[in-house]
Amino acid sequence: MKRLLMSVALVMLAVSASGCGSTEKSVDPPPNALATVAGEPITVERVQALMPDDPLPPVLVVGGYSGPWGEALNLAIRDELLVREAARRGLDGSTRAEQIATLIKQEQRDNPGFTIENIADDEARTWYQEHRNLFGDVARAEVAWAEFTDGDEAKKAMDRVAGADQPTFQRLLREDKPAKSGTATIDDQHDDVDPMITRGAYAIAAAGGIGLSADPKNSRWWVVRVESISFETVTWDEALAYRVKSAMTAYRQDEHLRQLADSLRKKWPVHVYEARLADVMRTEEAK
């Protein structure tokens with residue numbers, strides 16, 4: 001079966017995305033800035049430098065991954081806040097990256113739960129069962145889908161069907177008049193399913209979850225709802241235990257840094273220019 005294994009790094013972004021925030025309408029954005037942190041502009045170039053180097057189109061999942069631009073902007077804002085906090089603490093570093101690394105090391109020392117050695121096997125097994133979608137190995141998935149030729153219409157349709165059950169999902173999508181719609185089974189015996197539907201299902205990876213799989217260069221977008229999903233039986237061994245504990249520490253560290261950055265917004269206010277971000281995203285998508 002064609003596998004699409006998501007990296008832990010990308011998954012951590014999906015799990016921990018907290019949203020960029022919003023701006024006051026009276027604030028005029030500085031030139032080429034998508035956001036400011038205490039007046040310091042977060043430019044398009046800074047955000048673009050943090051974009052994932054992924055040749056495949058993104059999948060937007062309801063309640064999860066906010067797309068490459070949103071995630072990169074979140075990271076750029078977080079980095080700026082962490083650099084300021086590192087400087088406030090007097091932490092060494094000749095570059096911004098070194099300052100952040102020093103801050104992270106300090107946070108790790110103060111939180112023993114961030115190390116693999118401090119995670120028990122029983123705790124890791126429980127976490128693994130609760131987060132099977134992070135590790136791939138899908139055995140079978142039943143999905144409903146609708147294909148659109150306009151990205152804005154597809155996004156509106158996804159927003160409309162968020163949280164809907166299967167019959168409501170189908171009814172609402174018919175009202176949005178997609179180019180095509182249907183259902184599909186994804187497993188070893190069904191190789192005729194469009195790869196972008198499969199990609200969407202693997203990224204959603206939860207029964208009742210809804211997402212948007214995009215191929216903008218060919219003007220095709222798929223709204224996908226996972227009806228049911230099952231994972232292959234995997235033997236718990238030392239290698240899997242290490243993978244799971246590594247993912248747990250990455251998740252815990254990322255969540256801790258997100259909470260730290262959120263608390264730092266009280267010291268250094270963040271403004272995000274949503275209209276400009278939307279314009280940049282539309283321009284890039286059209287290329």
# chains A, B, ... in the order shown; residues from 1 in each chain; ligands from 1
call {"tool": "select_by_dssp", "arguments": {"residues": "region 49-197 of chain A", "states": "helix (DSSP H, G or I)", "output": "MDAnalysis selection string"}}
result
chainID A and resid 68:88 96:109 112:114 116:118 121:130 132:135 151:161 166:175 195:197
call {"tool": "select_by_dssp", "arguments": {"residues": "region 126-260 of chain A", "states": "strand (DSSP E)", "output": "PDB file with all heavy atoms, in the first residue's frame"}}
result
ATOM      1  N   VAL A 138      -1.409   3.047   8.325  1.00  0.00           N
ATOM      2  CA  VAL A 138      -2.856   2.921   8.154  1.00  0.00           C
ATOM      3  C   VAL A 138      -3.163   1.615   7.434  1.00  0.00           C
ATOM      4  O   VAL A 138      -2.595   1.317   6.386  1.00  0.00           O
ATOM      5  CB  VAL A 138      -3.417   4.115   7.354  1.00  0.00           C
ATOM      6  CG1 VAL A 138      -4.889   3.898   7.027  1.00  0.00           C
ATOM      7  CG2 VAL A 138      -3.211   5.414   8.112  1.00  0.00           C
ATOM      8  N   ALA A 139      -4.053   0.834   8.004  1.00  0.00           N
ATOM      9  CA  ALA A 139      -4.458  -0.420   7.365  1.00  0.00           C
ATOM     10  C   ALA A 139      -5.623  -0.187   6.396  1.00  0.00           C
ATOM     11  O   ALA A 139      -5.637  -0.725   5.289  1.00  0.00           O
ATOM     12  CB  ALA A 139      -4.859  -1.440   8.427  1.00  0.00           C
ATOM     13  N   ARG A 140      -6.577   0.638   6.816  1.00  0.00           N
ATOM     14  CA  ARG A 140      -7.764   0.858   5.984  1.00  0.00           C
ATOM     15  C   ARG A 140      -8.459   2.151   6.432  1.00  0.00           C
ATOM     16  O   ARG A 140      -8.498   2.445   7.621  1.00  0.00           O
ATOM     17  CB  ARG A 140      -8.727  -0.326   6.116  1.00  0.00           C
ATOM     18  CG  ARG A 140      -9.987  -0.249   5.246  1.00  0.00           C
ATOM     19  CD  ARG A 140     -10.896  -1.429   5.550  1.00  0.00           C
ATOM     20  NE  ARG A 140     -12.131  -1.386   4.790  1.00  0.00           N
ATOM     21  CZ  ARG A 140     -12.325  -2.017   3.643  1.00  0.00           C
ATOM     22  NH1 ARG A 140     -11.355  -2.765   3.135  1.00  0.00           N
ATOM     23  NH2 ARG A 140     -13.481  -1.957   3.009  1.00  0.00           N
ATOM     24  N   ALA A 141      -8.972   2.883   5.456  1.00  0.00           N
ATOM     25  CA  ALA A 141      -9.741   4.087   5.759  1.00  0.00           C
ATOM     26  C   ALA A 141     -10.908   4.197   4.791  1.00  0.00           C
ATOM     27  O   ALA A 141     -10.758   3.935   3.594  1.00  0.00           O
ATOM     28  CB  ALA A 141      -8.861   5.327   5.672  1.00  0.00           C
ATOM     29  N   GLU A 142     -12.074   4.537   5.331  1.00  0.00           N
ATOM     30  CA  GLU A 142     -13.253   4.833   4.517  1.00  0.00           C
ATOM     31  C   GLU A 142     -13.444   6.349   4.531  1.00  0.00           C
ATOM     32  O   GLU A 142     -13.466   6.969   5.607  1.00  0.00           O
ATOM     33  CB  GLU A 142     -14.493   4.154   5.080  1.00  0.00           C
ATOM     34  CG  GLU A 142     -14.403   2.635   5.156  1.00  0.00           C
ATOM     35  CD  GLU A 142     -14.503   1.971   3.794  1.00  0.00           C
ATOM     36  OE1 GLU A 142     -14.892   2.661   2.822  1.00  0.00           O
ATOM     37  OE2 GLU A 142     -14.183   0.765   3.698  1.00  0.00           O
ATOM     38  N   VAL A 143     -13.569   6.950   3.341  1.00  0.00           N
ATOM     39  CA  VAL A 143     -13.661   8.404   3.267  1.00  0.00           C
ATOM     40  C   VAL A 143     -14.789   8.834   2.340  1.00  0.00           C
ATOM     41  O   VAL A 143     -15.213   8.096   1.440  1.00  0.00           O
ATOM     42  CB  VAL A 143     -12.336   9.021   2.761  1.00  0.00           C
ATOM     43  CG1 VAL A 143     -11.167   8.622   3.656  1.00  0.00           C
ATOM     44  CG2 VAL A 143     -12.053   8.622   1.317  1.00  0.00           C
ATOM     45  N   ALA A 144     -15.265  10.054   2.586  1.00  0.00           N
ATOM     46  CA  ALA A 144     -16.154  10.747   1.656  1.00  0.00           C
ATOM     47  C   ALA A 144     -15.395  11.982   1.181  1.00  0.00           C
ATOM     48  O   ALA A 144     -14.615  12.572   1.931  1.00  0.00           O
ATOM     49  CB  ALA A 144     -17.454  11.142   2.349  1.00  0.00           C
ATOM     50  N   TRP A 145     -15.607  12.370  -0.068  1.00  0.00           N
ATOM     51  CA  TRP A 145     -14.817  13.465  -0.614  1.00  0.00           C
ATOM     52  C   TRP A 145     -15.597  14.265  -1.650  1.00  0.00           C
ATOM     53  O   TRP A 145     -16.609  13.789  -2.193  1.00  0.00           O
ATOM     54  CB  TRP A 145     -13.530  12.931  -1.266  1.00  0.00           C
ATOM     55  CG  TRP A 145     -13.794  11.925  -2.365  1.00  0.00           C
ATOM     56  CD1 TRP A 145     -13.932  10.581  -2.226  1.00  0.00           C
ATOM     57  CD2 TRP A 145     -14.012  12.213  -3.756  1.00  0.00           C
ATOM     58  NE1 TRP A 145     -14.196   9.997  -3.440  1.00  0.00           N
ATOM     59  CE2 TRP A 145     -14.250  10.975  -4.397  1.00  0.00           C
ATOM     60  CE3 TRP A 145     -14.013  13.378  -4.519  1.00  0.00           C
ATOM     61  CZ2 TRP A 145     -14.490  10.885  -5.762  1.00  0.00           C
ATOM     62  CZ3 TRP A 145     -14.259  13.297  -5.884  1.00  0.00           C
ATOM     63  CH2 TRP A 145     -14.495  12.061  -6.497  1.00  0.00           C
ATOM     64  N   ALA A 146     -15.130  15.478  -1.886  1.00  0.00           N
ATOM     65  CA  ALA A 146     -15.690  16.314  -2.943  1.00  0.00           C
ATOM     66  C   ALA A 146     -14.549  17.103  -3.568  1.00  0.00           C
ATOM     67  O   ALA A 146     -13.692  17.641  -2.857  1.00  0.00           O
ATOM     68  CB  ALA A 146     -16.747  17.258  -2.394  1.00  0.00           C
ATOM     69  N   GLU A 147     -14.520  17.158  -4.892  1.00  0.00           N
ATOM     70  CA  GLU A 147     -13.457  17.858  -5.612  1.00  0.00           C
ATOM     71  C   GLU A 147     -13.961  19.198  -6.123  1.00  0.00           C
ATOM     72  O   GLU A 147     -15.059  19.297  -6.684  1.00  0.00           O
ATOM     73  CB  GLU A 147     -12.973  17.004  -6.788  1.00  0.00           C
ATOM     74  CG  GLU A 147     -11.847  17.647  -7.579  1.00  0.00           C
ATOM     75  CD  GLU A 147     -11.437  16.823  -8.784  1.00  0.00           C
ATOM     76  OE1 GLU A 147     -11.635  15.590  -8.754  1.00  0.00           O
ATOM     77  OE2 GLU A 147     -10.920  17.412  -9.755  1.00  0.00           O
ATOM     78  N   PHE A 148     -13.139  20.239  -5.944  1.00  0.00           N
ATOM     79  CA  PHE A 148     -13.472  21.591  -6.395  1.00  0.00           C
ATOM     80  C   PHE A 148     -12.398  22.099  -7.353  1.00  0.00           C
ATOM     81  O   PHE A 148     -11.248  21.633  -7.321  1.00  0.00           O
ATOM     82  CB  PHE A 148     -13.575  22.545  -5.201  1.00  0.00           C
ATOM     83  CG  PHE A 148     -14.749  22.276  -4.296  1.00  0.00           C
ATOM     84  CD1 PHE A 148     -14.663  21.295  -3.321  1.00  0.00           C
ATOM     85  CD2 PHE A 148     -15.924  22.993  -4.416  1.00  0.00           C
ATOM     86  CE1 PHE A 148     -15.739  21.032  -2.483  1.00  0.00           C
ATOM     87  CE2 PHE A 148     -17.007  22.737  -3.582  1.00  0.00           C
ATOM     88  CZ  PHE A 148     -16.914  21.754  -2.612  1.00  0.00           C
ATOM     89  N   LYS A 180     -16.902  17.132  -8.577  1.00  0.00           N
ATOM     90  CA  LYS A 180     -17.157  15.711  -8.383  1.00  0.00           C
ATOM     91  C   LYS A 180     -17.290  15.448  -6.895  1.00  0.00           C
ATOM     92  O   LYS A 180     -16.820  16.234  -6.071  1.00  0.00           O
ATOM     93  CB  LYS A 180     -15.993  14.858  -8.924  1.00  0.00           C
ATOM     94  CG  LYS A 180     -15.677  15.021 -10.392  1.00  0.00           C
ATOM     95  CD  LYS A 180     -14.449  14.184 -10.744  1.00  0.00           C
ATOM     96  CE  LYS A 180     -13.988  14.416 -12.171  1.00  0.00           C
ATOM     97  NZ  LYS A 180     -12.739  13.662 -12.468  1.00  0.00           N
ATOM     98  N   SER A 181     -17.901  14.331  -6.561  1.00  0.00           N
ATOM     99  CA  SER A 181     -17.947  13.914  -5.159  1.00  0.00           C
ATOM    100  C   SER A 181     -18.171  12.411  -5.118  1.00  0.00           C
ATOM    101  O   SER A 181     -18.589  11.799  -6.107  1.00  0.00           O
ATOM    102  CB  SER A 181     -19.063  14.630  -4.395  1.00  0.00           C
ATOM    103  OG  SER A 181     -20.337  14.294  -4.916  1.00  0.00           O
ATOM    104  N   GLY A 182     -17.877  11.814  -3.973  1.00  0.00           N
ATOM    105  CA  GLY A 182     -18.067  10.380  -3.858  1.00  0.00           C
ATOM    106  C   GLY A 182     -17.497   9.839  -2.562  1.00  0.00           C
ATOM    107  O   GLY A 182     -17.212  10.588  -1.624  1.00  0.00           O
ATOM    108  N   THR A 183     -17.330   8.538  -2.508  1.00  0.00           N
ATOM    109  CA  THR A 183     -16.735   7.866  -1.356  1.00  0.00           C
ATOM    110  C   THR A 183     -15.605   6.972  -1.860  1.00  0.00           C
ATOM    111  O   THR A 183     -15.537   6.664  -3.050  1.00  0.00           O
ATOM    112  CB  THR A 183     -17.767   7.019  -0.589  1.00  0.00           C
ATOM    113  OG1 THR A 183     -18.301   6.026  -1.478  1.00  0.00           O
ATOM    114  CG2 THR A 183     -18.889   7.886  -0.051  1.00  0.00           C
ATOM    115  N   ALA A 184     -14.731   6.569  -0.968  1.00  0.00           N
ATOM    116  CA  ALA A 184     -13.601   5.731  -1.375  1.00  0.00           C
ATOM    117  C   ALA A 184     -13.118   4.900  -0.198  1.00  0.00           C
ATOM    118  O   ALA A 184     -13.269   5.285   0.965  1.00  0.00           O
ATOM    119  CB  ALA A 184     -12.457   6.591  -1.902  1.00  0.00           C
ATOM    120  N   THR A 185     -12.545   3.750  -0.532  1.00  0.00           N
ATOM    121  CA  THR A 185     -11.876   2.893   0.436  1.00  0.00           C
ATOM    122  C   THR A 185     -10.386   2.937   0.151  1.00  0.00           C
ATOM    123  O   THR A 185      -9.962   2.721  -0.984  1.00  0.00           O
ATOM    124  CB  THR A 185     -12.379   1.447   0.341  1.00  0.00           C
ATOM    125  OG1 THR A 185     -13.785   1.416   0.614  1.00  0.00           O
ATOM    126  CG2 THR A 185     -11.647   0.564   1.339  1.00  0.00           C
ATOM    127  N   ILE A 186      -9.603   3.218   1.170  1.00  0.00           N
ATOM    128  CA  ILE A 186      -8.154   3.309   1.014  1.00  0.00           C
ATOM    129  C   ILE A 186      -7.512   2.130   1.731  1.00  0.00           C
ATOM    130  O   ILE A 186      -7.563   2.031   2.965  1.00  0.00           O
ATOM    131  CB  ILE A 186      -7.625   4.639   1.589  1.00  0.00           C
ATOM    132  CG1 ILE A 186      -8.248   5.819   0.843  1.00  0.00           C
ATOM    133  CG2 ILE A 186      -6.104   4.691   1.522  1.00  0.00           C
ATOM    134  CD1 ILE A 186      -7.979   7.156   1.489  1.00  0.00           C
ATOM    135  N   ILE A 210     -12.074  16.203   9.185  1.00  0.00           N
ATOM    136  CA  ILE A 210     -12.274  16.799   7.868  1.00  0.00           C
ATOM    137  C   ILE A 210     -11.061  17.646   7.512  1.00  0.00           C
ATOM    138  O   ILE A 210     -10.490  18.331   8.370  1.00  0.00           O
ATOM    139  CB  ILE A 210     -13.546  17.665   7.843  1.00  0.00           C
ATOM    140  CG1 ILE A 210     -14.787  16.778   8.012  1.00  0.00           C
ATOM    141  CG2 ILE A 210     -13.650  18.473   6.550  1.00  0.00           C
ATOM    142  CD1 ILE A 210     -16.069  17.543   8.211  1.00  0.00           C
ATOM    143  N   GLY A 211     -10.653  17.587   6.247  1.00  0.00           N
ATOM    144  CA  GLY A 211      -9.516  18.377   5.808  1.00  0.00           C
ATOM    145  C   GLY A 211      -9.628  18.759   4.352  1.00  0.00           C
ATOM    146  O   GLY A 211     -10.563  18.367   3.647  1.00  0.00           O
ATOM    147  N   LEU A 212      -8.656  19.550   3.905  1.00  0.00           N
ATOM    148  CA  LEU A 212      -8.630  20.047   2.536  1.00  0.00           C
ATOM    149  C   LEU A 212      -7.281  19.711   1.926  1.00  0.00           C
ATOM    150  O   LEU A 212      -6.240  20.164   2.395  1.00  0.00           O
ATOM    151  CB  LEU A 212      -8.850  21.559   2.515  1.00  0.00           C
ATOM    152  CG  LEU A 212      -8.797  22.251   1.152  1.00  0.00           C
ATOM    153  CD1 LEU A 212      -9.940  21.770   0.265  1.00  0.00           C
ATOM    154  CD2 LEU A 212      -8.861  23.768   1.322  1.00  0.00           C
ATOM    155  N   SER A 213      -7.296  18.896   0.889  1.00  0.00           N
ATOM    156  CA  SER A 213      -6.094  18.501   0.170  1.00  0.00           C
ATOM    157  C   SER A 213      -6.021  19.316  -1.118  1.00  0.00           C
ATOM    158  O   SER A 213      -7.011  19.402  -1.858  1.00  0.00           O
ATOM    159  CB  SER A 213      -6.150  17.000  -0.138  1.00  0.00           C
ATOM    160  OG  SER A 213      -4.977  16.562  -0.759  1.00  0.00           O
ATOM    161  N   ALA A 214      -4.851  19.929  -1.381  1.00  0.00           N
ATOM    162  CA  ALA A 214      -4.785  20.915  -2.457  1.00  0.00           C
ATOM    163  C   ALA A 214      -3.722  20.604  -3.491  1.00  0.00           C
ATOM    164  O   ALA A 214      -2.609  20.197  -3.166  1.00  0.00           O
ATOM    165  CB  ALA A 214      -4.515  22.298  -1.861  1.00  0.00           C
ATOM    166  N   ASP A 215      -4.077  20.829  -4.749  1.00  0.00           N
ATOM    167  CA  ASP A 215      -3.147  20.781  -5.874  1.00  0.00           C
ATOM    168  C   ASP A 215      -3.408  22.041  -6.705  1.00  0.00           C
ATOM    169  O   ASP A 215      -3.979  21.990  -7.792  1.00  0.00           O
ATOM    170  CB  ASP A 215      -3.385  19.521  -6.705  1.00  0.00           C
ATOM    171  CG  ASP A 215      -2.410  19.393  -7.869  1.00  0.00           C
ATOM    172  OD1 ASP A 215      -1.447  20.192  -7.925  1.00  0.00           O
ATOM    173  OD2 ASP A 215      -2.609  18.518  -8.721  1.00  0.00           O
ATOM    174  N   ARG A 220      -7.097  22.042  -8.532  1.00  0.00           N
ATOM    175  CA  ARG A 220      -7.902  20.958  -7.961  1.00  0.00           C
ATOM    176  C   ARG A 220      -7.750  20.971  -6.445  1.00  0.00           C
ATOM    177  O   ARG A 220      -6.643  21.061  -5.912  1.00  0.00           O
ATOM    178  CB  ARG A 220      -7.460  19.608  -8.526  1.00  0.00           C
ATOM    179  CG  ARG A 220      -7.594  19.480 -10.029  1.00  0.00           C
ATOM    180  CD  ARG A 220      -7.043  18.150 -10.507  1.00  0.00           C
ATOM    181  NE  ARG A 220      -7.930  17.036 -10.210  1.00  0.00           N
ATOM    182  CZ  ARG A 220      -7.566  15.760 -10.285  1.00  0.00           C
ATOM    183  NH1 ARG A 220      -6.323  15.440 -10.604  1.00  0.00           N
ATOM    184  NH2 ARG A 220      -8.423  14.802 -10.009  1.00  0.00           N
ATOM    185  N   TRP A 221      -8.885  20.898  -5.765  1.00  0.00           N
ATOM    186  CA  TRP A 221      -8.926  20.859  -4.307  1.00  0.00           C
ATOM    187  C   TRP A 221      -9.931  19.804  -3.877  1.00  0.00           C
ATOM    188  O   TRP A 221     -10.985  19.657  -4.501  1.00  0.00           O
ATOM    189  CB  TRP A 221      -9.351  22.207  -3.725  1.00  0.00           C
ATOM    190  CG  TRP A 221      -8.326  23.294  -3.864  1.00  0.00           C
ATOM    191  CD1 TRP A 221      -7.445  23.722  -2.925  1.00  0.00           C
ATOM    192  CD2 TRP A 221      -8.090  24.118  -5.021  1.00  0.00           C
ATOM    193  NE1 TRP A 221      -6.664  24.740  -3.404  1.00  0.00           N
ATOM    194  CE2 TRP A 221      -7.037  24.998  -4.697  1.00  0.00           C
ATOM    195  CE3 TRP A 221      -8.655  24.180  -6.300  1.00  0.00           C
ATOM    196  CZ2 TRP A 221      -6.544  25.945  -5.591  1.00  0.00           C
ATOM    197  CZ3 TRP A 221      -8.168  25.117  -7.186  1.00  0.00           C
ATOM    198  CH2 TRP A 221      -7.122  25.989  -6.835  1.00  0.00           C
ATOM    199  N   TRP A 222      -9.613  19.063  -2.824  1.00  0.00           N
ATOM    200  CA  TRP A 222     -10.488  18.010  -2.334  1.00  0.00           C
ATOM    201  C   TRP A 222     -10.830  18.249  -0.862  1.00  0.00           C
ATOM    202  O   TRP A 222      -9.924  18.358  -0.028  1.00  0.00           O
ATOM    203  CB  TRP A 222      -9.828  16.637  -2.445  1.00  0.00           C
ATOM    204  CG  TRP A 222      -9.625  16.136  -3.838  1.00  0.00           C
ATOM    205  CD1 TRP A 222     -10.414  15.264  -4.535  1.00  0.00           C
ATOM    206  CD2 TRP A 222      -8.547  16.465  -4.712  1.00  0.00           C
ATOM    207  NE1 TRP A 222      -9.905  15.024  -5.770  1.00  0.00           N
ATOM    208  CE2 TRP A 222      -8.742  15.757  -5.919  1.00  0.00           C
ATOM    209  CE3 TRP A 222      -7.427  17.294  -4.600  1.00  0.00           C
ATOM    210  CZ2 TRP A 222      -7.878  15.850  -6.994  1.00  0.00           C
ATOM    211  CZ3 TRP A 222      -6.555  17.390  -5.667  1.00  0.00           C
ATOM    212  CH2 TRP A 222      -6.791  16.678  -6.856  1.00  0.00           C
ATOM    213  N   VAL A 223     -12.107  18.327  -0.562  1.00  0.00           N
ATOM    214  CA  VAL A 223     -12.555  18.307   0.828  1.00  0.00           C
ATOM    215  C   VAL A 223     -12.790  16.842   1.190  1.00  0.00           C
ATOM    216  O   VAL A 223     -13.544  16.142   0.505  1.00  0.00           O
ATOM    217  CB  VAL A 223     -13.840  19.131   1.026  1.00  0.00           C
ATOM    218  CG1 VAL A 223     -14.318  19.030   2.477  1.00  0.00           C
ATOM    219  CG2 VAL A 223     -13.600  20.588   0.650  1.00  0.00           C
ATOM    220  N   VAL A 224     -12.124  16.367   2.226  1.00  0.00           N
ATOM    221  CA  VAL A 224     -12.144  14.947   2.581  1.00  0.00           C
ATOM    222  C   VAL A 224     -12.639  14.785   4.012  1.00  0.00           C
ATOM    223  O   VAL A 224     -12.216  15.515   4.911  1.00  0.00           O
ATOM    224  CB  VAL A 224     -10.729  14.328   2.451  1.00  0.00           C
ATOM    225  CG1 VAL A 224     -10.748  12.849   2.843  1.00  0.00           C
ATOM    226  CG2 VAL A 224     -10.205  14.502   1.027  1.00  0.00           C
ATOM    227  N   ARG A 225     -13.536  13.827   4.196  1.00  0.00           N
ATOM    228  CA  ARG A 225     -13.985  13.455   5.544  1.00  0.00           C
ATOM    229  C   ARG A 225     -13.662  11.985   5.776  1.00  0.00           C
ATOM    230  O   ARG A 225     -14.046  11.126   4.985  1.00  0.00           O
ATOM    231  CB  ARG A 225     -15.484  13.672   5.727  1.00  0.00           C
ATOM    232  CG  ARG A 225     -15.967  13.370   7.152  1.00  0.00           C
ATOM    233  CD  ARG A 225     -17.479  13.553   7.266  1.00  0.00           C
ATOM    234  NE  ARG A 225     -17.913  13.575   8.648  1.00  0.00           N
ATOM    235  CZ  ARG A 225     -18.169  12.505   9.396  1.00  0.00           C
ATOM    236  NH1 ARG A 225     -18.037  11.297   8.873  1.00  0.00           N
ATOM    237  NH2 ARG A 225     -18.557  12.633  10.643  1.00  0.00           N
ATOM    238  N   VAL A 226     -12.952  11.678   6.856  1.00  0.00           N
ATOM    239  CA  VAL A 226     -12.629  10.294   7.199  1.00  0.00           C
ATOM    240  C   VAL A 226     -13.795   9.706   7.975  1.00  0.00           C
ATOM    241  O   VAL A 226     -14.138  10.173   9.066  1.00  0.00           O
ATOM    242  CB  VAL A 226     -11.334  10.218   8.036  1.00  0.00           C
ATOM    243  CG1 VAL A 226     -11.074   8.781   8.484  1.00  0.00           C
ATOM    244  CG2 VAL A 226     -10.149  10.736   7.224  1.00  0.00           C
ATOM    245  N   GLU A 227     -14.423   8.682   7.411  1.00  0.00           N
ATOM    246  CA  GLU A 227     -15.555   8.034   8.075  1.00  0.00           C
ATOM    247  C   GLU A 227     -15.075   7.042   9.127  1.00  0.00           C
ATOM    248  O   GLU A 227     -15.613   6.963  10.224  1.00  0.00           O
ATOM    249  CB  GLU A 227     -16.433   7.327   7.041  1.00  0.00           C
ATOM    250  CG  GLU A 227     -16.924   8.226   5.915  1.00  0.00           C
ATOM    251  CD  GLU A 227     -17.738   9.396   6.429  1.00  0.00           C
ATOM    252  OE1 GLU A 227     -18.390   9.260   7.488  1.00  0.00           O
ATOM    253  OE2 GLU A 227     -17.702  10.465   5.791  1.00  0.00           O
ATOM    254  N   SER A 228     -14.066   6.267   8.776  1.00  0.00           N
ATOM    255  CA  SER A 228     -13.487   5.309   9.716  1.00  0.00           C
ATOM    256  C   SER A 228     -12.045   5.080   9.316  1.00  0.00           C
ATOM    257  O   SER A 228     -11.675   5.245   8.149  1.00  0.00           O
ATOM    258  CB  SER A 228     -14.259   3.986   9.715  1.00  0.00           C
ATOM    259  OG  SER A 228     -14.154   3.357   8.445  1.00  0.00           O
ATOM    260  N   ILE A 229     -11.235   4.699  10.289  1.00  0.00           N
ATOM    261  CA  ILE A 229      -9.828   4.447  10.001  1.00  0.00           C
ATOM    262  C   ILE A 229      -9.301   3.411  10.987  1.00  0.00           C
ATOM    263  O   ILE A 229      -9.681   3.408  12.159  1.00  0.00           O
ATOM    264  CB  ILE A 229      -9.002   5.752  10.080  1.00  0.00           C
ATOM    265  CG1 ILE A 229      -7.583   5.533   9.545  1.00  0.00           C
ATOM    266  CG2 ILE A 229      -8.987   6.335  11.487  1.00  0.00           C
ATOM    267  CD1 ILE A 229      -6.827   6.824   9.270  1.00  0.00           C
ATOM    268  N   SER A 230      -8.479   2.504  10.489  1.00  0.00           N
ATOM    269  CA  SER A 230      -7.843   1.509  11.359  1.00  0.00           C
ATOM    270  C   SER A 230      -6.370   1.440  11.021  1.00  0.00           C
ATOM    271  O   SER A 230      -5.954   1.741   9.893  1.00  0.00           O
ATOM    272  CB  SER A 230      -8.496   0.135  11.175  1.00  0.00           C
ATOM    273  OG  SER A 230      -8.358  -0.309   9.834  1.00  0.00           O
ATOM    274  N   PHE A 231      -5.576   1.051  12.002  1.00  0.00           N
ATOM    275  CA  PHE A 231      -4.131   1.019  11.838  1.00  0.00           C
ATOM    276  C   PHE A 231      -3.628  -0.420  11.936  1.00  0.00           C
ATOM    277  O   PHE A 231      -4.238  -1.259  12.595  1.00  0.00           O
ATOM    278  CB  PHE A 231      -3.455   1.889  12.897  1.00  0.00           C
ATOM    279  CG  PHE A 231      -3.870   3.329  12.825  1.00  0.00           C
ATOM    280  CD1 PHE A 231      -4.934   3.805  13.581  1.00  0.00           C
ATOM    281  CD2 PHE A 231      -3.211   4.215  11.996  1.00  0.00           C
ATOM    282  CE1 PHE A 231      -5.327   5.128  13.509  1.00  0.00           C
ATOM    283  CE2 PHE A 231      -3.593   5.545  11.915  1.00  0.00           C
ATOM    284  CZ  PHE A 231      -4.654   6.002  12.678  1.00  0.00           C
TER     285      PHE A 231
END
call {"tool": "closest_residue", "arguments": {"among": "A:Tyr202, A:Trp236, A:Tyr273, A:Trp69", "to": "Thr126 (chain A)", "atoms": "only C-alpha atoms"}}
result
A:Trp236
call {"tool": "residues_around", "arguments": {"residues": "Asp176 (chain A)", "least_positions_apart": "2", "cutoff": "8 Å", "atoms": "only C-alpha atoms", "output": "mmCIF file with all heavy atoms, in the first residue's frame"}}
result
data_model
loop_
_atom_site.group_PDB
_atom_site.id
_atom_site.type_symbol
_atom_site.label_atom_id
_atom_site.label_comp_id
_atom_site.auth_asym_id
_atom_site.auth_seq_id
_atom_site.Cartn_x
_atom_site.Cartn_y
_atom_site.Cartn_z
ATOM 1 N N GLU A 153 -13.583 28.484 -2.861
ATOM 2 C CA GLU A 153 -14.846 27.775 -2.686
ATOM 3 C C GLU A 153 -14.638 26.488 -1.879
ATOM 4 O O GLU A 153 -15.465 26.117 -1.040
ATOM 5 C CB GLU A 153 -15.461 27.448 -4.051
ATOM 6 C CG GLU A 153 -15.962 28.663 -4.814
ATOM 7 C CD GLU A 153 -16.999 29.443 -4.035
ATOM 8 O OE1 GLU A 153 -17.912 28.810 -3.465
ATOM 9 O OE2 GLU A 153 -16.884 30.684 -3.978
ATOM 10 N N ALA A 157 -16.302 25.599 1.676
ATOM 11 C CA ALA A 157 -17.041 24.344 1.852
ATOM 12 C C ALA A 157 -16.503 23.581 3.056
ATOM 13 O O ALA A 157 -17.283 23.054 3.865
ATOM 14 C CB ALA A 157 -16.935 23.494 0.585
ATOM 15 N N LEU A 172 -24.421 19.167 2.535
ATOM 16 C CA LEU A 172 -23.861 20.510 2.448
ATOM 17 C C LEU A 172 -22.920 20.648 1.260
ATOM 18 O O LEU A 172 -22.910 21.682 0.582
ATOM 19 C CB LEU A 172 -23.133 20.855 3.741
ATOM 20 C CG LEU A 172 -24.010 21.063 4.982
ATOM 21 C CD1 LEU A 172 -23.146 21.283 6.214
ATOM 22 C CD2 LEU A 172 -24.961 22.240 4.782
ATOM 23 N N LEU A 173 -22.143 19.597 0.991
ATOM 24 C CA LEU A 173 -21.225 19.669 -0.137
ATOM 25 C C LEU A 173 -21.976 19.709 -1.467
ATOM 26 O O LEU A 173 -21.568 20.388 -2.398
ATOM 27 C CB LEU A 173 -20.260 18.493 -0.120
ATOM 28 C CG LEU A 173 -19.126 18.582 0.914
ATOM 29 C CD1 LEU A 173 -18.204 17.386 0.782
ATOM 30 C CD2 LEU A 173 -18.332 19.867 0.758
ATOM 31 N N ARG A 174 -23.090 18.985 -1.548
ATOM 32 C CA ARG A 174 -23.891 19.042 -2.788
ATOM 33 C C ARG A 174 -24.400 20.459 -3.018
ATOM 34 O O ARG A 174 -24.461 20.933 -4.160
ATOM 35 C CB ARG A 174 -25.058 18.057 -2.713
ATOM 36 C CG ARG A 174 -24.658 16.610 -2.953
ATOM 37 C CD ARG A 174 -25.871 15.745 -3.259
ATOM 38 N NE ARG A 174 -26.819 15.736 -2.163
ATOM 39 C CZ ARG A 174 -26.789 14.868 -1.148
ATOM 40 N NH1 ARG A 174 -25.831 13.949 -1.087
ATOM 41 N NH2 ARG A 174 -27.702 14.917 -0.198
ATOM 42 N N PRO A 178 -19.775 20.915 -5.986
ATOM 43 C CA PRO A 178 -18.407 20.537 -6.372
ATOM 44 C C PRO A 178 -18.369 19.969 -7.779
ATOM 45 O O PRO A 178 -19.395 19.576 -8.342
ATOM 46 C CB PRO A 178 -18.054 19.467 -5.339
ATOM 47 C CG PRO A 178 -19.372 18.865 -4.968
ATOM 48 C CD PRO A 178 -20.358 19.993 -5.001
#
